[in-house]
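S.K.: The structure follows.
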Amino acid sequence: MNRFSKIFQPITAVLKGSNLTNKEFMSKSQRLMLEMGIIHQALPGCFHILPLGLKSLNKITNIVDEEMGNIGCQKIILPTLIKAELWEKSGRAREMGPELITLNDRHNQKNILGPTHEEVIANLISTLPPLTYKKFPLLLYQITSKFRDEMKPRFGLIRAREFLMKDLYSFDLNEKSALETYHNVCDRYEKIFKRIGINFVKVLGSSEAMGGNLSHEYHFPATIGDDKIVICHKCKHATNIELSEHNNCIKCGESKEVTMQNAIEVGHTFFLGDKYSKPLNANYLDEHAKPQVLQMGSYGIGITRILAASLECLSLEQELRWPDSIAPYNLVIIPPKKGSKEDSLLQNLGETLYTNLESLLPSFKNNIILDDRTSFTIGRRILDCRRMGIRYIIILNRYSSESSPIYEFIDIIEDRKLYLSESDIVSYIVNTKLKENSASV
């Protein structure tokens with residue numbers, strides 16, 4: 001049973017006068033996550049992820065794992081420490097410049113802390129015994145920490161020096177097959193973002209230093225976003241402003257129905273062709289046992305960035321708001337204050353209700369928490385739960401001691417307070433979920 005009193009959640013206030021109060025570096029989501037004990041800063045651009053934050057990240061990871069598995073992707077882990085010579089072969093060591101974090105080992109060999117792994121995965125394929133054409137397409141992905149030496153890390157997990165990323169690499173026999181794989185992965189990315197539940201925009205993107213000739217970006221619109229996207233409301237085409245022509249739609253030429261907005265990039269897909277496979281000798285054996293160069297794709301999703309960007313999009317200035325799909329907890333039960341008349345009447349009703357709701361709402365298994373900090377008033381605990389962004393709050397009161405108990409029930413997203421029986425609570429949550437799911441389709 002999840003209990004508030006047992007959670008490591010250091011609730012603090014961000015000190016005035018520190019760099020963290022500078023609006024150039026501090027975002028709403030960062031401030032609230034620091035104050036509510038979701039994350040804690042270790043050094044600029046690097047954060048401790050505390051239990052509530054990790055619980056949310058695990059939910060994001062589970063969504064990604066399920067959707068990647070649905071298209072036959074296989075999960076691996078590649079080394080964080082990368083030989084610098086691989087990046088020199090691809091030419092990216094020079095292109096990426098000071099964002100690369102490098103170090104020399106005791107043998108004076110230069111290494112890189114991996115910001116992404118195109119070179120590594122291509123080198124893996126090249127050093128294996130030759131793979132025949134029957135093994136492809138091959139889709140391999142990982143979810144690991146990445147490192148980039150940001151000049152100005154800011155907004156917490158949105159622009160950090162160390163971050164958690166899902167990076168998928170595809171290998172195909174020819175360009176036609178590689179493009180089919182590319183579009184299949186793009187379709188799966190859309191499913192991932194729909195499941196997370198934040199309004200997102202898919203735009204034609206720039207390949208930049210990554211290379212290749214086809215790229216798409218996935219954005220959460222937000223005022224603090226570093227990217228600017230141009231959306232044509234006539235033909236629904238969207239692009240990164242880097243590719244637009246003076247605010248005209250590059251697809252239909254429209255100018256009057258085009259808007260520009262800031263956004264946070266949370267995913268990026270690249271069709272790479274042979275940019276990495278050719279210089280790193282990632283080949284396959286065709287039906288005549290002749291070596292041929294593989295066609296590659298690269299597909300990234302910012303796992304920690306999704307967490308922060310979701311909160312940035314939904315939260316109020318003083319209260320976190322989570323998508324239901326990735327909230328650490330979806331429902332809290334608040335029993336009476338210790339020593340009160342209700343406390344003696346209700347005894348263990350909170351624990352009983354917890355057990356019943358977990359049984360009646362399977363999706364809430366391990367997503368309910370009991371606020372057993374009964375030395376605090378109910379009002380103080382409600383305030384804490386609202387600031388944490390727990391969507392459903394159930395308060396045990398004098399009506400809960402009757403033969404057919406009634407509970408005070410709050411839905412903070414819908415801003416509703418109702419008095420419901422246990423069965424009515426279950427019906428409300430089930431019907432709300434059905435309504436929201438149908439609206440998102």
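Ligands are numbered from 1 in the order shown, residues from 1 within each chain, and chains are lettered A, B, ... in the order they appear in the structure tokens.
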If DSSP is run on the backbone, what residues of segment 137-295 of chain A are strand (DSSP E)? A reply as a PDB file with N, CA, C and O atoms, in the first residue's frame would be ideal.

M.R.:
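The result, written out as result_29.pdb:
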ATOM      1  N   LEU A 138      16.087  -4.612 -39.689  1.00  0.00           N
ATOM      2  CA  LEU A 138      16.505  -4.800 -38.302  1.00  0.00           C
ATOM      3  C   LEU A 138      16.325  -3.472 -37.568  1.00  0.00           C
ATOM      4  O   LEU A 138      16.828  -2.446 -38.004  1.00  0.00           O
ATOM      5  N   LEU A 139      15.585  -3.515 -36.449  1.00  0.00           N
ATOM      6  CA  LEU A 139      15.315  -2.295 -35.678  1.00  0.00           C
ATOM      7  C   LEU A 139      15.772  -2.525 -34.240  1.00  0.00           C
ATOM      8  O   LEU A 139      15.242  -3.392 -33.537  1.00  0.00           O
ATOM      9  N   LEU A 140      16.771  -1.749 -33.815  1.00  0.00           N
ATOM     10  CA  LEU A 140      17.358  -1.878 -32.491  1.00  0.00           C
ATOM     11  C   LEU A 140      17.260  -0.542 -31.760  1.00  0.00           C
ATOM     12  O   LEU A 140      17.548   0.505 -32.344  1.00  0.00           O
ATOM     13  N   TYR A 141      16.844  -0.584 -30.482  1.00  0.00           N
ATOM     14  CA  TYR A 141      16.723   0.675 -29.743  1.00  0.00           C
ATOM     15  C   TYR A 141      17.184   0.498 -28.305  1.00  0.00           C
ATOM     16  O   TYR A 141      17.323  -0.608 -27.788  1.00  0.00           O
ATOM     17  N   GLN A 142      17.423   1.638 -27.670  1.00  0.00           N
ATOM     18  CA  GLN A 142      17.812   1.656 -26.257  1.00  0.00           C
ATOM     19  C   GLN A 142      17.165   2.861 -25.583  1.00  0.00           C
ATOM     20  O   GLN A 142      16.692   3.801 -26.245  1.00  0.00           O
ATOM     21  N   ILE A 143      17.108   2.833 -24.262  1.00  0.00           N
ATOM     22  CA  ILE A 143      16.700   3.994 -23.469  1.00  0.00           C
ATOM     23  C   ILE A 143      17.788   4.193 -22.430  1.00  0.00           C
ATOM     24  O   ILE A 143      17.892   3.437 -21.464  1.00  0.00           O
ATOM     25  N   THR A 144      18.644   5.180 -22.649  1.00  0.00           N
ATOM     26  CA  THR A 144      19.813   5.388 -21.792  1.00  0.00           C
ATOM     27  C   THR A 144      20.093   6.876 -21.609  1.00  0.00           C
ATOM     28  O   THR A 144      19.524   7.719 -22.305  1.00  0.00           O
ATOM     29  N   SER A 145      20.996   7.182 -20.676  1.00  0.00           N
ATOM     30  CA  SER A 145      21.421   8.566 -20.468  1.00  0.00           C
ATOM     31  C   SER A 145      22.300   9.025 -21.618  1.00  0.00           C
ATOM     32  O   SER A 145      23.142   8.276 -22.114  1.00  0.00           O
ATOM     33  N   LYS A 146      22.093  10.262 -22.037  1.00  0.00           N
ATOM     34  CA  LYS A 146      22.908  10.897 -23.068  1.00  0.00           C
ATOM     35  C   LYS A 146      23.508  12.178 -22.480  1.00  0.00           C
ATOM     36  O   LYS A 146      22.988  12.735 -21.515  1.00  0.00           O
ATOM     37  N   PHE A 147      24.574  12.674 -23.139  1.00  0.00           N
ATOM     38  CA  PHE A 147      25.311  13.812 -22.597  1.00  0.00           C
ATOM     39  C   PHE A 147      25.612  14.826 -23.700  1.00  0.00           C
ATOM     40  O   PHE A 147      26.131  14.468 -24.746  1.00  0.00           O
ATOM     41  N   GLU A 162      22.695  16.238 -19.082  1.00  0.00           N
ATOM     42  CA  GLU A 162      22.487  14.798 -19.035  1.00  0.00           C
ATOM     43  C   GLU A 162      20.989  14.543 -19.080  1.00  0.00           C
ATOM     44  O   GLU A 162      20.226  15.171 -18.341  1.00  0.00           O
ATOM     45  N   PHE A 163      20.569  13.635 -19.948  1.00  0.00           N
ATOM     46  CA  PHE A 163      19.133  13.416 -20.129  1.00  0.00           C
ATOM     47  C   PHE A 163      18.908  11.979 -20.576  1.00  0.00           C
ATOM     48  O   PHE A 163      19.813  11.307 -21.074  1.00  0.00           O
ATOM     49  N   LEU A 164      17.687  11.521 -20.376  1.00  0.00           N
ATOM     50  CA  LEU A 164      17.310  10.167 -20.759  1.00  0.00           C
ATOM     51  C   LEU A 164      16.626  10.215 -22.120  1.00  0.00           C
ATOM     52  O   LEU A 164      15.681  10.987 -22.323  1.00  0.00           O
ATOM     53  N   MET A 165      17.120   9.401 -23.055  1.00  0.00           N
ATOM     54  CA  MET A 165      16.579   9.411 -24.415  1.00  0.00           C
ATOM     55  C   MET A 165      16.360   7.999 -24.928  1.00  0.00           C
ATOM     56  O   MET A 165      17.121   7.090 -24.598  1.00  0.00           O
ATOM     57  N   LYS A 166      15.307   7.840 -25.705  1.00  0.00           N
ATOM     58  CA  LYS A 166      15.104   6.609 -26.461  1.00  0.00           C
ATOM     59  C   LYS A 166      15.645   6.851 -27.851  1.00  0.00           C
ATOM     60  O   LYS A 166      15.225   7.770 -28.540  1.00  0.00           O
ATOM     61  N   ASP A 167      16.635   6.038 -28.274  1.00  0.00           N
ATOM     62  CA  ASP A 167      17.141   6.162 -29.635  1.00  0.00           C
ATOM     63  C   ASP A 167      17.036   4.808 -30.338  1.00  0.00           C
ATOM     64  O   ASP A 167      17.541   3.802 -29.861  1.00  0.00           O
ATOM     65  N   LEU A 168      16.344   4.845 -31.464  1.00  0.00           N
ATOM     66  CA  LEU A 168      16.092   3.656 -32.289  1.00  0.00           C
ATOM     67  C   LEU A 168      16.871   3.802 -33.591  1.00  0.00           C
ATOM     68  O   LEU A 168      16.933   4.891 -34.173  1.00  0.00           O
ATOM     69  N   TYR A 169      17.452   2.679 -34.059  1.00  0.00           N
ATOM     70  CA  TYR A 169      18.194   2.670 -35.322  1.00  0.00           C
ATOM     71  C   TYR A 169      17.664   1.539 -36.187  1.00  0.00           C
ATOM     72  O   TYR A 169      17.543   0.393 -35.728  1.00  0.00           O
ATOM     73  N   SER A 170      17.338   1.877 -37.428  1.00  0.00           N
ATOM     74  CA  SER A 170      16.824   0.867 -38.356  1.00  0.00           C
ATOM     75  C   SER A 170      17.836   0.610 -39.466  1.00  0.00           C
ATOM     76  O   SER A 170      18.563   1.522 -39.890  1.00  0.00           O
ATOM     77  N   PHE A 171      17.870  -0.633 -39.925  1.00  0.00           N
ATOM     78  CA  PHE A 171      18.746  -1.050 -41.015  1.00  0.00           C
ATOM     79  C   PHE A 171      17.911  -1.781 -42.051  1.00  0.00           C
ATOM     80  O   PHE A 171      17.178  -2.727 -41.722  1.00  0.00           O
ATOM     81  N   ASP A 172      18.006  -1.330 -43.305  1.00  0.00           N
ATOM     82  CA  ASP A 172      17.238  -1.918 -44.399  1.00  0.00           C
ATOM     83  C   ASP A 172      18.144  -2.186 -45.587  1.00  0.00           C
ATOM     84  O   ASP A 172      19.234  -1.613 -45.720  1.00  0.00           O
ATOM     85  N   VAL A 201       2.389  18.450 -32.288  1.00  0.00           N
ATOM     86  CA  VAL A 201       2.408  18.819 -33.701  1.00  0.00           C
ATOM     87  C   VAL A 201       3.584  18.114 -34.359  1.00  0.00           C
ATOM     88  O   VAL A 201       4.717  18.184 -33.866  1.00  0.00           O
ATOM     89  N   LYS A 202       3.321  17.423 -35.472  1.00  0.00           N
ATOM     90  CA  LYS A 202       4.375  16.798 -36.268  1.00  0.00           C
ATOM     91  C   LYS A 202       4.722  17.752 -37.402  1.00  0.00           C
ATOM     92  O   LYS A 202       3.845  18.196 -38.136  1.00  0.00           O
ATOM     93  N   VAL A 203       6.011  18.079 -37.519  1.00  0.00           N
ATOM     94  CA  VAL A 203       6.420  19.043 -38.539  1.00  0.00           C
ATOM     95  C   VAL A 203       7.561  18.477 -39.367  1.00  0.00           C
ATOM     96  O   VAL A 203       8.317  17.625 -38.916  1.00  0.00           O
ATOM     97  N   LEU A 204       7.657  18.973 -40.588  1.00  0.00           N
ATOM     98  CA  LEU A 204       8.813  18.665 -41.419  1.00  0.00           C
ATOM     99  C   LEU A 204      10.013  19.358 -40.803  1.00  0.00           C
ATOM    100  O   LEU A 204       9.959  20.558 -40.496  1.00  0.00           O
ATOM    101  N   LEU A 214      15.587  13.354 -45.148  1.00  0.00           N
ATOM    102  CA  LEU A 214      14.193  13.398 -44.715  1.00  0.00           C
ATOM    103  C   LEU A 214      14.165  13.388 -43.203  1.00  0.00           C
ATOM    104  O   LEU A 214      14.856  12.584 -42.564  1.00  0.00           O
ATOM    105  N   SER A 215      13.362  14.279 -42.621  1.00  0.00           N
ATOM    106  CA  SER A 215      13.350  14.415 -41.171  1.00  0.00           C
ATOM    107  C   SER A 215      12.006  14.971 -40.717  1.00  0.00           C
ATOM    108  O   SER A 215      11.417  15.828 -41.381  1.00  0.00           O
ATOM    109  N   HIS A 216      11.515  14.474 -39.594  1.00  0.00           N
ATOM    110  CA  HIS A 216      10.309  15.019 -38.980  1.00  0.00           C
ATOM    111  C   HIS A 216      10.557  15.248 -37.486  1.00  0.00           C
ATOM    112  O   HIS A 216      11.278  14.502 -36.844  1.00  0.00           O
ATOM    113  N   GLU A 217       9.927  16.310 -36.985  1.00  0.00           N
ATOM    114  CA  GLU A 217      10.033  16.643 -35.569  1.00  0.00           C
ATOM    115  C   GLU A 217       8.654  16.555 -34.927  1.00  0.00           C
ATOM    116  O   GLU A 217       7.637  16.793 -35.586  1.00  0.00           O
ATOM    117  N   TYR A 218       8.652  16.243 -33.635  1.00  0.00           N
ATOM    118  CA  TYR A 218       7.410  16.161 -32.862  1.00  0.00           C
ATOM    119  C   TYR A 218       7.528  17.163 -31.717  1.00  0.00           C
ATOM    120  O   TYR A 218       8.477  17.118 -30.936  1.00  0.00           O
ATOM    121  N   HIS A 219       6.547  18.068 -31.646  1.00  0.00           N
ATOM    122  CA  HIS A 219       6.625  19.187 -30.714  1.00  0.00           C
ATOM    123  C   HIS A 219       5.405  19.264 -29.814  1.00  0.00           C
ATOM    124  O   HIS A 219       4.281  18.968 -30.238  1.00  0.00           O
ATOM    125  N   PHE A 220       5.645  19.711 -28.563  1.00  0.00           N
ATOM    126  CA  PHE A 220       4.577  20.148 -27.671  1.00  0.00           C
ATOM    127  C   PHE A 220       4.585  21.678 -27.714  1.00  0.00           C
ATOM    128  O   PHE A 220       5.580  22.298 -27.310  1.00  0.00           O
ATOM    129  N   PRO A 221       3.519  22.323 -28.215  1.00  0.00           N
ATOM    130  CA  PRO A 221       3.486  23.788 -28.218  1.00  0.00           C
ATOM    131  C   PRO A 221       3.589  24.345 -26.800  1.00  0.00           C
ATOM    132  O   PRO A 221       2.872  23.907 -25.896  1.00  0.00           O
ATOM    133  N   ASP A 227      12.111  26.073 -30.136  1.00  0.00           N
ATOM    134  CA  ASP A 227      11.803  25.930 -31.559  1.00  0.00           C
ATOM    135  C   ASP A 227      10.609  26.798 -31.934  1.00  0.00           C
ATOM    136  O   ASP A 227       9.710  27.035 -31.121  1.00  0.00           O
ATOM    137  N   LYS A 228      10.625  27.251 -33.180  1.00  0.00           N
ATOM    138  CA  LYS A 228       9.466  27.953 -33.718  1.00  0.00           C
ATOM    139  C   LYS A 228       8.938  27.129 -34.886  1.00  0.00           C
ATOM    140  O   LYS A 228       9.694  26.767 -35.787  1.00  0.00           O
ATOM    141  N   ILE A 229       7.636  26.846 -34.842  1.00  0.00           N
ATOM    142  CA  ILE A 229       7.020  26.053 -35.908  1.00  0.00           C
ATOM    143  C   ILE A 229       5.960  26.878 -36.610  1.00  0.00           C
ATOM    144  O   ILE A 229       5.304  27.723 -36.014  1.00  0.00           O
ATOM    145  N   VAL A 230       5.850  26.628 -37.896  1.00  0.00           N
ATOM    146  CA  VAL A 230       4.886  27.344 -38.743  1.00  0.00           C
ATOM    147  C   VAL A 230       3.796  26.362 -39.147  1.00  0.00           C
ATOM    148  O   VAL A 230       4.078  25.298 -39.698  1.00  0.00           O
ATOM    149  N   ILE A 231       2.542  26.718 -38.837  1.00  0.00           N
ATOM    150  CA  ILE A 231       1.402  25.842 -39.114  1.00  0.00           C
ATOM    151  C   ILE A 231       0.471  26.521 -40.098  1.00  0.00           C
ATOM    152  O   ILE A 231       0.050  27.666 -39.887  1.00  0.00           O
ATOM    153  N   CYS A 232       0.153  25.837 -41.188  1.00  0.00           N
ATOM    154  CA  CYS A 232      -0.806  26.336 -42.168  1.00  0.00           C
ATOM    155  C   CYS A 232      -2.177  25.756 -41.826  1.00  0.00           C
ATOM    156  O   CYS A 232      -2.373  24.539 -41.866  1.00  0.00           O
ATOM    157  N   ALA A 238       2.752  21.565 -41.528  1.00  0.00           N
ATOM    158  CA  ALA A 238       3.532  22.237 -40.483  1.00  0.00           C
ATOM    159  C   ALA A 238       5.013  21.992 -40.722  1.00  0.00           C
ATOM    160  O   ALA A 238       5.417  20.891 -41.113  1.00  0.00           O
ATOM    161  N   THR A 239       5.824  23.027 -40.487  1.00  0.00           N
ATOM    162  CA  THR A 239       7.270  22.901 -40.672  1.00  0.00           C
ATOM    163  C   THR A 239       7.989  23.660 -39.565  1.00  0.00           C
ATOM    164  O   THR A 239       7.428  24.562 -38.922  1.00  0.00           O
ATOM    165  N   ASN A 240       9.240  23.294 -39.367  1.00  0.00           N
ATOM    166  CA  ASN A 240      10.123  24.096 -38.542  1.00  0.00           C
ATOM    167  C   ASN A 240      10.385  25.404 -39.294  1.00  0.00           C
ATOM    168  O   ASN A 240      10.514  25.409 -40.520  1.00  0.00           O
ATOM    169  N   VAL A 258      -1.554  31.266 -41.935  1.00  0.00           N
ATOM    170  CA  VAL A 258      -0.344  30.649 -41.380  1.00  0.00           C
ATOM    171  C   VAL A 258      -0.024  31.307 -40.040  1.00  0.00           C
ATOM    172  O   VAL A 258      -0.035  32.526 -39.924  1.00  0.00           O
ATOM    173  N   THR A 259       0.208  30.489 -39.019  1.00  0.00           N
ATOM    174  CA  THR A 259       0.589  31.014 -37.713  1.00  0.00           C
ATOM    175  C   THR A 259       1.921  30.419 -37.286  1.00  0.00           C
ATOM    176  O   THR A 259       2.304  29.337 -37.719  1.00  0.00           O
ATOM    177  N   MET A 260       2.595  31.138 -36.408  1.00  0.00           N
ATOM    178  CA  MET A 260       3.878  30.687 -35.893  1.00  0.00           C
ATOM    179  C   MET A 260       3.780  30.581 -34.377  1.00  0.00           C
ATOM    180  O   MET A 260       3.168  31.441 -33.730  1.00  0.00           O
ATOM    181  N   GLN A 261       4.332  29.527 -33.802  1.00  0.00           N
ATOM    182  CA  GLN A 261       4.289  29.389 -32.362  1.00  0.00           C
ATOM    183  C   GLN A 261       5.554  28.712 -31.842  1.00  0.00           C
ATOM    184  O   GLN A 261       6.219  27.974 -32.563  1.00  0.00           O
ATOM    185  N   ASN A 262       5.853  29.011 -30.580  1.00  0.00           N
ATOM    186  CA  ASN A 262       6.988  28.361 -29.919  1.00  0.00           C
ATOM    187  C   ASN A 262       6.600  26.950 -29.506  1.00  0.00           C
ATOM    188  O   ASN A 262       5.440  26.678 -29.203  1.00  0.00           O
ATOM    189  N   ALA A 263       7.573  26.068 -29.493  1.00  0.00           N
ATOM    190  CA  ALA A 263       7.293  24.674 -29.148  1.00  0.00           C
ATOM    191  C   ALA A 263       8.544  24.005 -28.604  1.00  0.00           C
ATOM    192  O   ALA A 263       9.667  24.458 -28.822  1.00  0.00           O
ATOM    193  N   ILE A 264       8.317  22.911 -27.876  1.00  0.00           N
ATOM    194  CA  ILE A 264       9.398  22.100 -27.314  1.00  0.00           C
ATOM    195  C   ILE A 264       9.488  20.809 -28.112  1.00  0.00           C
ATOM    196  O   ILE A 264       8.517  20.052 -28.197  1.00  0.00           O
ATOM    197  N   GLU A 265      10.645  20.555 -28.712  1.00  0.00           N
ATOM    198  CA  GLU A 265      10.823  19.319 -29.468  1.00  0.00           C
ATOM    199  C   GLU A 265      10.968  18.146 -28.499  1.00  0.00           C
ATOM    200  O   GLU A 265      11.805  18.166 -27.606  1.00  0.00           O
ATOM    201  N   VAL A 266      10.130  17.121 -28.695  1.00  0.00           N
ATOM    202  CA  VAL A 266      10.181  15.941 -27.828  1.00  0.00           C
ATOM    203  C   VAL A 266      10.524  14.671 -28.602  1.00  0.00           C
ATOM    204  O   VAL A 266      10.748  13.617 -28.002  1.00  0.00           O
ATOM    205  N   GLY A 267      10.551  14.749 -29.926  1.00  0.00           N
ATOM    206  CA  GLY A 267      10.911  13.596 -30.733  1.00  0.00           C
ATOM    207  C   GLY A 267      11.437  14.048 -32.084  1.00  0.00           C
ATOM    208  O   GLY A 267      11.087  15.136 -32.566  1.00  0.00           O
ATOM    209  N   HIS A 268      12.298  13.231 -32.691  1.00  0.00           N
ATOM    210  CA  HIS A 268      12.858  13.593 -33.997  1.00  0.00           C
ATOM    211  C   HIS A 268      13.191  12.302 -34.743  1.00  0.00           C
ATOM    212  O   HIS A 268      13.773  11.378 -34.177  1.00  0.00           O
ATOM    213  N   THR A 269      12.791  12.231 -35.999  1.00  0.00           N
ATOM    214  CA  THR A 269      13.090  11.066 -36.837  1.00  0.00           C
ATOM    215  C   THR A 269      13.917  11.509 -38.036  1.00  0.00           C
ATOM    216  O   THR A 269      13.705  12.590 -38.594  1.00  0.00           O
ATOM    217  N   PHE A 270      14.857  10.648 -38.435  1.00  0.00           N
ATOM    218  CA  PHE A 270      15.746  10.953 -39.551  1.00  0.00           C
ATOM    219  C   PHE A 270      15.853   9.746 -40.479  1.00  0.00           C
ATOM    220  O   PHE A 270      16.103   8.624 -40.017  1.00  0.00           O
ATOM    221  N   PHE A 271      15.683   9.985 -41.778  1.00  0.00           N
ATOM    222  CA  PHE A 271      16.061   8.981 -42.772  1.00  0.00           C
ATOM    223  C   PHE A 271      17.498   9.294 -43.168  1.00  0.00           C
ATOM    224  O   PHE A 271      17.789  10.346 -43.740  1.00  0.00           O
ATOM    225  N   LEU A 272      18.412   8.388 -42.843  1.00  0.00           N
ATOM    226  CA  LEU A 272      19.846   8.676 -42.958  1.00  0.00           C
ATOM    227  C   LEU A 272      20.490   8.187 -44.250  1.00  0.00           C
ATOM    228  O   LEU A 272      21.572   8.646 -44.608  1.00  0.00           O
ATOM    229  N   GLY A 273      19.854   7.214 -44.920  1.00  0.00           N
ATOM    230  CA  GLY A 273      20.507   6.623 -46.082  1.00  0.00           C
ATOM    231  C   GLY A 273      21.784   5.914 -45.661  1.00  0.00           C
ATOM    232  O   GLY A 273      21.794   5.143 -44.705  1.00  0.00           O
ATOM    233  N   ASN A 283      27.524  -3.295 -43.543  1.00  0.00           N
ATOM    234  CA  ASN A 283      27.080  -3.954 -44.774  1.00  0.00           C
ATOM    235  C   ASN A 283      26.261  -5.203 -44.471  1.00  0.00           C
ATOM    236  O   ASN A 283      26.206  -5.671 -43.329  1.00  0.00           O
ATOM    237  N   TYR A 284      25.659  -5.743 -45.515  1.00  0.00           N
ATOM    238  CA  TYR A 284      25.003  -7.053 -45.447  1.00  0.00           C
ATOM    239  C   TYR A 284      25.426  -7.851 -46.670  1.00  0.00           C
ATOM    240  O   TYR A 284      25.983  -7.295 -47.635  1.00  0.00           O
ATOM    241  N   LEU A 285      25.172  -9.140 -46.626  1.00  0.00           N
ATOM    242  CA  LEU A 285      25.456  -9.998 -47.782  1.00  0.00           C
ATOM    243  C   LEU A 285      24.171 -10.230 -48.557  1.00  0.00           C
ATOM    244  O   LEU A 285      23.171 -10.690 -48.001  1.00  0.00           O
ATOM    245  N   PRO A 291      28.841  -8.160 -50.521  1.00  0.00           N
ATOM    246  CA  PRO A 291      28.558  -7.128 -49.520  1.00  0.00           C
ATOM    247  C   PRO A 291      27.900  -5.899 -50.143  1.00  0.00           C
ATOM    248  O   PRO A 291      28.328  -5.431 -51.206  1.00  0.00           O
ATOM    249  N   GLN A 292      26.850  -5.410 -49.469  1.00  0.00           N
ATOM    250  CA  GLN A 292      26.140  -4.212 -49.912  1.00  0.00           C
ATOM    251  C   GLN A 292      25.945  -3.288 -48.703  1.00  0.00           C
ATOM    252  O   GLN A 292      25.797  -3.749 -47.574  1.00  0.00           O
ATOM    253  N   VAL A 293      25.929  -1.984 -48.971  1.00  0.00           N
ATOM    254  CA  VAL A 293      25.790  -1.003 -47.888  1.00  0.00           C
ATOM    255  C   VAL A 293      24.340  -0.963 -47.408  1.00  0.00           C
ATOM    256  O   VAL A 293      23.406  -0.914 -48.212  1.00  0.00           O
ATOM    257  N   GLN A 295      20.983   0.703 -45.553  1.00  0.00           N
ATOM    258  CA  GLN A 295      20.306   1.997 -45.435  1.00  0.00           C
ATOM    259  C   GLN A 295      19.811   2.143 -43.995  1.00  0.00           C
ATOM    260  O   GLN A 295      19.211   1.224 -43.434  1.00  0.00           O
TER     261      GLN A 295
END

S.K.: Need to verify the contact set: Gly45 of chain A, 9 Å, only C-alpha atoms, exclusion of same-chain residues closer than 6 positions in sequence. Can you return it as a PyMOL selection string?

M.R.: chain A and resi 149-150+152-157+159-163

S.K.: Quick check for you: according to DSSP on this backbone, which residues of segment 213-307 of chain A are classed as alpha helix (DSSP H)? Reply as a PyMOL selection string.

M.R.: chain A and resi 303-307

S.K.: Within 9 Å of Pro323 of chain A, counting only C-alpha atoms, which residues qualify if same-chain residues fewer than 2 places away don't, as JSON, numbers by chain?

M.R.: {"A": [196, 197, 198, 310, 311, 314, 321, 325, 326, 327]}

S.K.: Extract, using only C-alpha atoms, all DNA, RNA and protein residues at most 12 Å from Ser403 of chain A, discarding same-chain residues fewer than 5 positions from it, and format them as a ChimeraX atom specification.

M.R.: /A:345-346,398,421

S.K.: Write out the residues from the selection above, keeping C-alpha atoms, as a CSV table (one decimal), in the first residue's frame.

M.R.:
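Below is the file that was written, again11.csv:
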chain,number,residue,atom,x,y,z
A,345,LEU,CA,-15.6,6.5,13.9
A,346,LEU,CA,-13.9,5.5,10.7
A,398,ARG,CA,-18.6,12.2,8.9
A,421,SER,CA,-20.6,6.3,-2.9

S.K.: I'd like the interatomic distance between atom CA of Tyr133 of chain A and atom CA of His117 of chain A, to a tenth of an Å.

M.R.: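 So the answer is 23.1 Å.
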
S.K.: Excluding Pro51 of chain A and any residue of its chain fewer than 2 positions from it, enumerate the residues within 9 Å of it, using only C-alpha atoms, and give them as a PyMOL selection string.

M.R.: chain A and resi 7-9+37-39+49+53-56+328

S.K.: Show me, as JSON, numbers by chain, the residues that have an atom within 12 Å of Glu66 of chain A when counting only C-alpha atoms, minus same-chain residues fewer than 6 positions from it.

M.R.: {"A": [59, 60, 72, 73, 74, 75, 188, 189, 191, 192, 195]}

S.K.: Between A:Leu280, A:Leu50, A:Ala13, A:Leu316, single out the one closest to Trp87 of chain A, counting only C-alpha atoms.

M.R.: A:Leu280

S.K.: Using Å and a single decimal, report how far atom CA of Lys433 of chain A sits from atom CA of Leu370 of chain A.

M.R.: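 One can read the atom CA of Leu370 of chain A to atom CA of Lys433 of chain A distance as 21.9 Å.
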
S.K.: Hey, can you check how far atom CA of His48 of chain A sits from atom CA of Leu34 of chain A?

M.R.: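 Here the two named atoms are 10.1 Å from each other.
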
S.K.: Determine, counting only C-alpha atoms, which protein, DNA and RNA residues have an atom within 12 Å of an atom of Gly253 of chain A; residues of the same chain fewer than 2 positions away are not included. Present the result as a list of chain:residue names.

M.R.: A:Ile231, A:Cys232, A:His233, A:Lys234, A:Cys235, A:His237, A:Ser244, A:Glu245, A:His246, A:Asn247, A:Asn248, A:Cys249, A:Ile250, A:Lys251, A:Ser255, A:Lys256, A:Glu257, A:Val258

S.K.: Name the closest residue to Leu357 of chain A among the candidates A:Glu422, A:Glu118, A:Asp187, A:Glu312; distances are taken between atoms, counting only C-alpha atoms.

M.R.: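 Of A:Glu422, A:Glu118, A:Asp187, A:Glu312, the one nearest Leu357 of chain A, counting only C-alpha atoms, is A:Glu422.
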
S.K.: Have a look at A:Leu78, A:Val426, A:Met296, A:Ile412 and name the one nearest to Leu353 of chain A; count only C-alpha atoms.

M.R.: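 Checking each candidate against Leu353 of chain A, we get A:Val426 as the closest.
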
S.K.: Using only C-alpha atoms, which residue out of A:Leu383, A:Cys252, A:Leu360, A:Cys186 lies closest to Lys236 of chain A?

M.R.: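 Smallest separation from Lys236 of chain A among the options: A:Cys252.
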
S.K.: Out of A:Ser400, A:Ile369, A:Asp415, A:Glu408, which residue has the shortest atom-to-atom distance to Ser5 of chain A when counting only C-alpha atoms?

M.R.: A:Ile369
